[in-house]
$ cat model-v3.cif   # mmCIF, C-alpha atoms
data_data
loop_
_atom_site.label_atom_id
_atom_site.label_comp_id
_atom_site.auth_asym_id
_atom_site.auth_seq_id
_atom_site.Cartn_x
_atom_site.Cartn_y
_atom_site.Cartn_z
CA MET J 1 -21.89 -5.61 -8.02
CA LYS J 2 -18.45 -7.18 -8.27
CA HIS J 3 -15.65 -5.28 -6.52
CA VAL J 4 -12.08 -5.44 -7.74
CA LEU J 5 -9.02 -3.97 -6.09
CA PHE J 6 -7.23 -1.38 -8.20
CA VAL J 7 -3.48 -1.68 -7.89
CA ARG J 8 -0.97 0.50 -9.68
CA GLU J 9 2.82 0.33 -9.39
CA GLU J 10 4.44 3.77 -9.52
CA SER J 11 7.66 5.58 -8.92
CA ILE J 12 8.31 6.69 -5.35
CA ASP J 13 7.63 10.32 -6.32
CA GLU J 14 3.92 9.70 -6.99
CA LYS J 15 1.58 8.72 -4.14
CA ASP J 16 -2.13 9.27 -3.62
CA ILE J 17 -4.70 7.72 -1.31
CA ILE J 18 -8.34 7.92 -2.38
CA ILE J 19 -11.31 5.75 -1.48
CA HIS J 20 -13.30 5.03 -4.66
CA ASP J 21 -16.80 3.66 -5.07
CA ASP J 22 -15.83 2.26 -8.48
CA VAL J 23 -12.53 0.48 -9.05
CA PHE J 24 -10.61 -0.94 -11.97
CA MET J 25 -7.88 -3.56 -12.31
CA ALA J 26 -4.41 -2.74 -13.55
CA GLY J 27 -1.42 -5.02 -13.98
CA CYS J 28 1.02 -5.30 -11.12
CA LYS J 29 2.94 -7.87 -9.13
CA LEU J 30 0.71 -8.23 -6.09
CA GLY J 31 2.22 -9.38 -2.83
CA GLU J 32 5.65 -7.82 -3.29
CA LEU J 33 4.79 -4.62 -1.44
CA GLU J 34 2.05 -4.15 1.13
CA SER J 35 1.35 -2.12 4.20
CA PRO J 36 1.67 -3.59 7.71
CA LYS J 37 -1.28 -5.58 9.00
CA PRO J 38 -2.72 -4.67 12.40
CA ILE J 39 -3.84 -6.99 15.15
CA LEU J 40 -7.13 -5.56 16.42
CA THR J 41 -8.53 -6.84 19.72
CA VAL J 42 -11.38 -6.09 22.12
CA ASP J 43 -11.09 -7.74 25.55
CA GLY J 44 -8.43 -10.07 24.14
CA LYS J 45 -10.61 -11.25 21.22
CA GLU J 46 -9.25 -10.61 17.72
CA MET J 47 -11.47 -8.53 15.44
CA ASP J 48 -11.88 -9.24 11.72
CA TYR J 49 -11.15 -6.36 9.34
CA LYS J 50 -10.38 -5.59 5.70
CA ILE J 51 -7.51 -3.55 4.38
CA ALA J 52 -8.82 -0.76 2.19
CA THR J 53 -6.77 1.74 0.23
CA TYR J 54 -3.05 1.76 0.86
CA SER J 55 0.17 3.18 -0.51
CA TRP J 56 3.61 1.76 0.23
CA ALA J 57 7.14 2.45 -1.03
CA GLU J 58 10.45 0.83 -0.17
CA ASN J 59 13.66 -0.29 -1.86
CA GLY J 60 12.96 1.85 -4.92
CA HIS J 61 9.49 0.40 -5.59
CA ALA J 62 6.04 1.74 -4.79
CA ILE J 63 2.48 0.53 -4.92
CA ASP J 64 -0.91 2.26 -4.61
CA ALA J 65 -3.94 0.06 -4.02
CA ASN J 66 -7.38 1.67 -4.12
CA ALA J 67 -10.43 -0.10 -2.70
CA VAL J 68 -14.15 0.52 -2.63
CA ALA J 69 -15.66 2.56 0.20
CA PRO J 70 -15.61 0.81 3.61
CA PRO J 71 -19.33 -0.17 3.65
CA TYR J 72 -18.90 -2.08 0.37
CA LEU J 73 -15.59 -3.54 1.48
CA VAL J 74 -17.09 -5.15 4.60
CA GLU J 75 -20.59 -5.91 3.28
CA ASN J 76 -20.03 -9.70 3.24
CA MET J 77 -18.35 -9.81 6.65
CA ASP J 78 -19.95 -10.68 9.97
CA PHE J 79 -19.93 -7.77 12.40
CA ASN J 80 -17.53 -8.08 15.32
CA VAL J 81 -19.80 -8.10 18.40
CA VAL J 82 -18.45 -6.11 21.35
CA PRO J 83 -19.81 -4.77 24.64
CA ALA J 84 -20.74 -1.09 25.03
CA ASP J 85 -17.90 1.29 25.93
CA ALA J 86 -15.27 -1.36 25.07
CA LYS J 87 -11.71 -0.52 24.06
CA LEU J 88 -10.38 -1.47 20.64
CA LEU J 89 -6.63 -2.13 20.92
CA ILE J 90 -4.66 -1.58 17.71
CA ARG J 91 -1.24 -3.23 17.52
CA PHE J 92 1.28 -3.34 14.69
CA ARG J 93 4.63 -5.15 14.63
CA TYR J 94 5.92 -2.03 12.86
CA GLN J 95 4.41 0.88 14.79
CA PRO J 96 2.99 3.71 12.62
CA ALA J 97 4.22 7.26 13.08
CA ASP J 98 0.61 8.46 13.23
CA MET J 99 -2.78 6.81 13.57
CA GLU J 100 -6.35 8.10 13.50
CA ALA J 101 -9.75 6.41 13.60
CA GLY J 102 -13.42 7.21 13.22
CA ILE J 103 -16.85 5.91 12.30
CA TRP J 104 -17.99 5.84 8.66
CA LYS J 105 -21.18 7.90 8.48
CA ASN J 106 -22.87 9.70 5.58
CA ASP J 107 -20.08 8.76 3.15
CA ARG J 108 -17.30 10.21 5.29
CA VAL J 109 -15.24 9.70 8.42
CA HIS J 110 -14.54 12.24 11.13
CA PHE J 111 -11.07 11.03 12.16
CA GLU J 112 -9.67 11.53 15.64
CA ARG J 113 -6.09 10.83 16.61
CA VAL J 114 -5.56 7.43 18.25
CA MET J 115 -3.82 7.72 21.61
CA ASN J 116 -2.04 4.79 23.29
CA ASN J 117 -3.12 2.48 20.42
CA THR J 118 -6.66 2.50 21.85
CA VAL J 119 -10.07 3.53 20.49
CA ILE J 120 -13.03 3.81 22.87
CA LEU J 121 -16.04 2.23 21.15
CA PRO J 122 -19.57 3.68 21.47
CA LYS J 123 -21.57 3.49 24.70
CA GLY J 124 -24.84 2.93 22.86
CA SER J 125 -25.81 -0.19 20.95
CA GLY J 126 -25.76 -0.29 17.17
CA SER J 127 -23.79 -1.33 14.11
CA PHE J 128 -20.82 0.77 13.05
CA ILE J 129 -18.05 0.67 10.47
CA TYR J 130 -14.84 1.89 12.02
CA VAL J 131 -12.09 3.18 9.78
CA ILE J 132 -8.45 3.33 10.87
CA HIS J 133 -5.86 5.37 8.96
CA ALA J 134 -2.22 4.63 9.82
CA SER J 135 0.86 6.40 8.44
CA TRP J 136 4.51 5.40 8.25
CA GLU J 137 7.49 6.95 6.50
CA GLU J 138 7.02 4.35 3.73
CA GLY J 139 3.34 5.03 3.17
CA ASN J 140 -0.10 4.74 4.73
CA ALA J 141 -3.09 2.45 4.89
CA ILE J 142 -6.79 2.44 5.67
CA TYR J 143 -8.48 -0.47 7.46
CA ALA J 144 -12.25 -1.08 7.78
CA ILE J 145 -13.75 -2.90 10.80
CA PRO J 146 -17.45 -3.77 11.12
CA ILE J 147 -18.44 -3.43 14.81
CA LYS J 148 -21.76 -4.27 16.49
CA VAL J 149 -22.12 -2.88 20.01
CA LYS J 150 -24.57 -4.82 22.21
#

$ encode --input "model-v3.cif" --output "structure tokens"
Amino acid sequence: MKHVLFVREESIDEKDIIIHDDVFMAGCKLGELESPKPILTVDGKEMDYKIATYSWAENGHAIDANAVAPPYLVENMDFNVVPADAKLLIRFRYQPADMEAGIWKNDRVHFERVMNNTVILPKGSGSFIYVIHASWEEGNAIYAIPIKVK
């Protein structure tokens, strides 16, 4: 199955964030508008992630980009291997007004508010897909991180 990012340029008045299992391509000038990119670390080691759905508006322009569900988004990535009970540090150059995170399970995420830019990872071993949702005045974004706790 080939996955394509759906991107739609809109007026500032229209914004929606939805994770889709199926996506389509629409014309747009990619790269002009995008959400901030986080730096994710565990014990000082940077974690690989994918940006999922995002919406961003500034200077009279807006963009909505819809991606496939997190498991499909990260399916070709290597899992970030971390120790049990580790702390995931989430840093942005432009700090979001609000941030929440959770584990993708049974086609959904139970989000919990992120405090002090830190997420405590599971104590037990296993493979997990973490999802981070960050919000700014200009928009919001979802990030998917494959984590393997050893």

$ closest_residue --input "model-v3.cif" --among "J:Ser135, J:Ala69, J:Val119, J:Val81" --to "Asp48 (chain J)" --atoms "all atoms listed in the file"
J:Val81

$ closest_residue --input "model-v3.cif" --among "J:Glu46, J:Glu100, J:Glu34, J:Asp107" --to "Pro71 (chain J)" --atoms "all atoms listed in the file"
J:Asp107

$ closest_residue --input "model-v3.cif" --among "J:Ala97, J:Leu121, J:Leu40, J:Ala65" --to "Ile142 (chain J)" --atoms "all atoms listed in the file"
J:Ala65

$ closest_residue --input "model-v3.cif" --among "J:Tyr143, J:Phe111, J:Phe79, J:Trp104" --to "Tyr54 (chain J)" --atoms "only C-alpha atoms"
J:Tyr143

$ closest_residue --input "model-v3.cif" --among "J:Met115, J:Ala141, J:Leu33, J:Ile90" --to "Ala62 (chain J)" --atoms "only C-alpha atoms"
J:Leu33

$ resolve_selection --input "model-v3.cif" --expression "the PyMOL selection byres ((chain J and resi 110) around 12)" --output "ChimeraX atom specification"
/J:100-109,111-113,130-133

$ atom_distance --input "model-v3.cif" --atom1 "CA of Asp64 (chain J)" --atom2 "CA of Trp136 (chain J)"
14.3 Å

$ resolve_selection --input "model-v3.cif" --expression "the PyMOL selection byres ((chain J and resi 122) around 7)" --output "list of chain:residue names"
J:Ala84, J:Asp85, J:Ile120, J:Leu121, J:Lys123, J:Gly124

$ resolve_selection --input "model-v3.cif" --expression "the PyMOL selection byres ((chain J and resi 44) around 12)" --output "PyMOL selection string"
chain J and resi 39-43+45-47+82+86-91

$ closest_residue --input "model-v3.cif" --among "J:Pro146, J:Asn140, J:Ser125, J:Asp78" --to "Asn66 (chain J)" --atoms "all atoms listed in the file"
J:Asn140

$ atom_distance --input "model-v3.cif" --atom1 "CA of Asn116 (chain J)" --atom2 "CA of Lys37 (chain J)"
17.7 Å

$ atom_distance --input "model-v3.cif" --atom1 "CA of Ile145 (chain J)" --atom2 "CA of Arg93 (chain J)"
18.9 Å
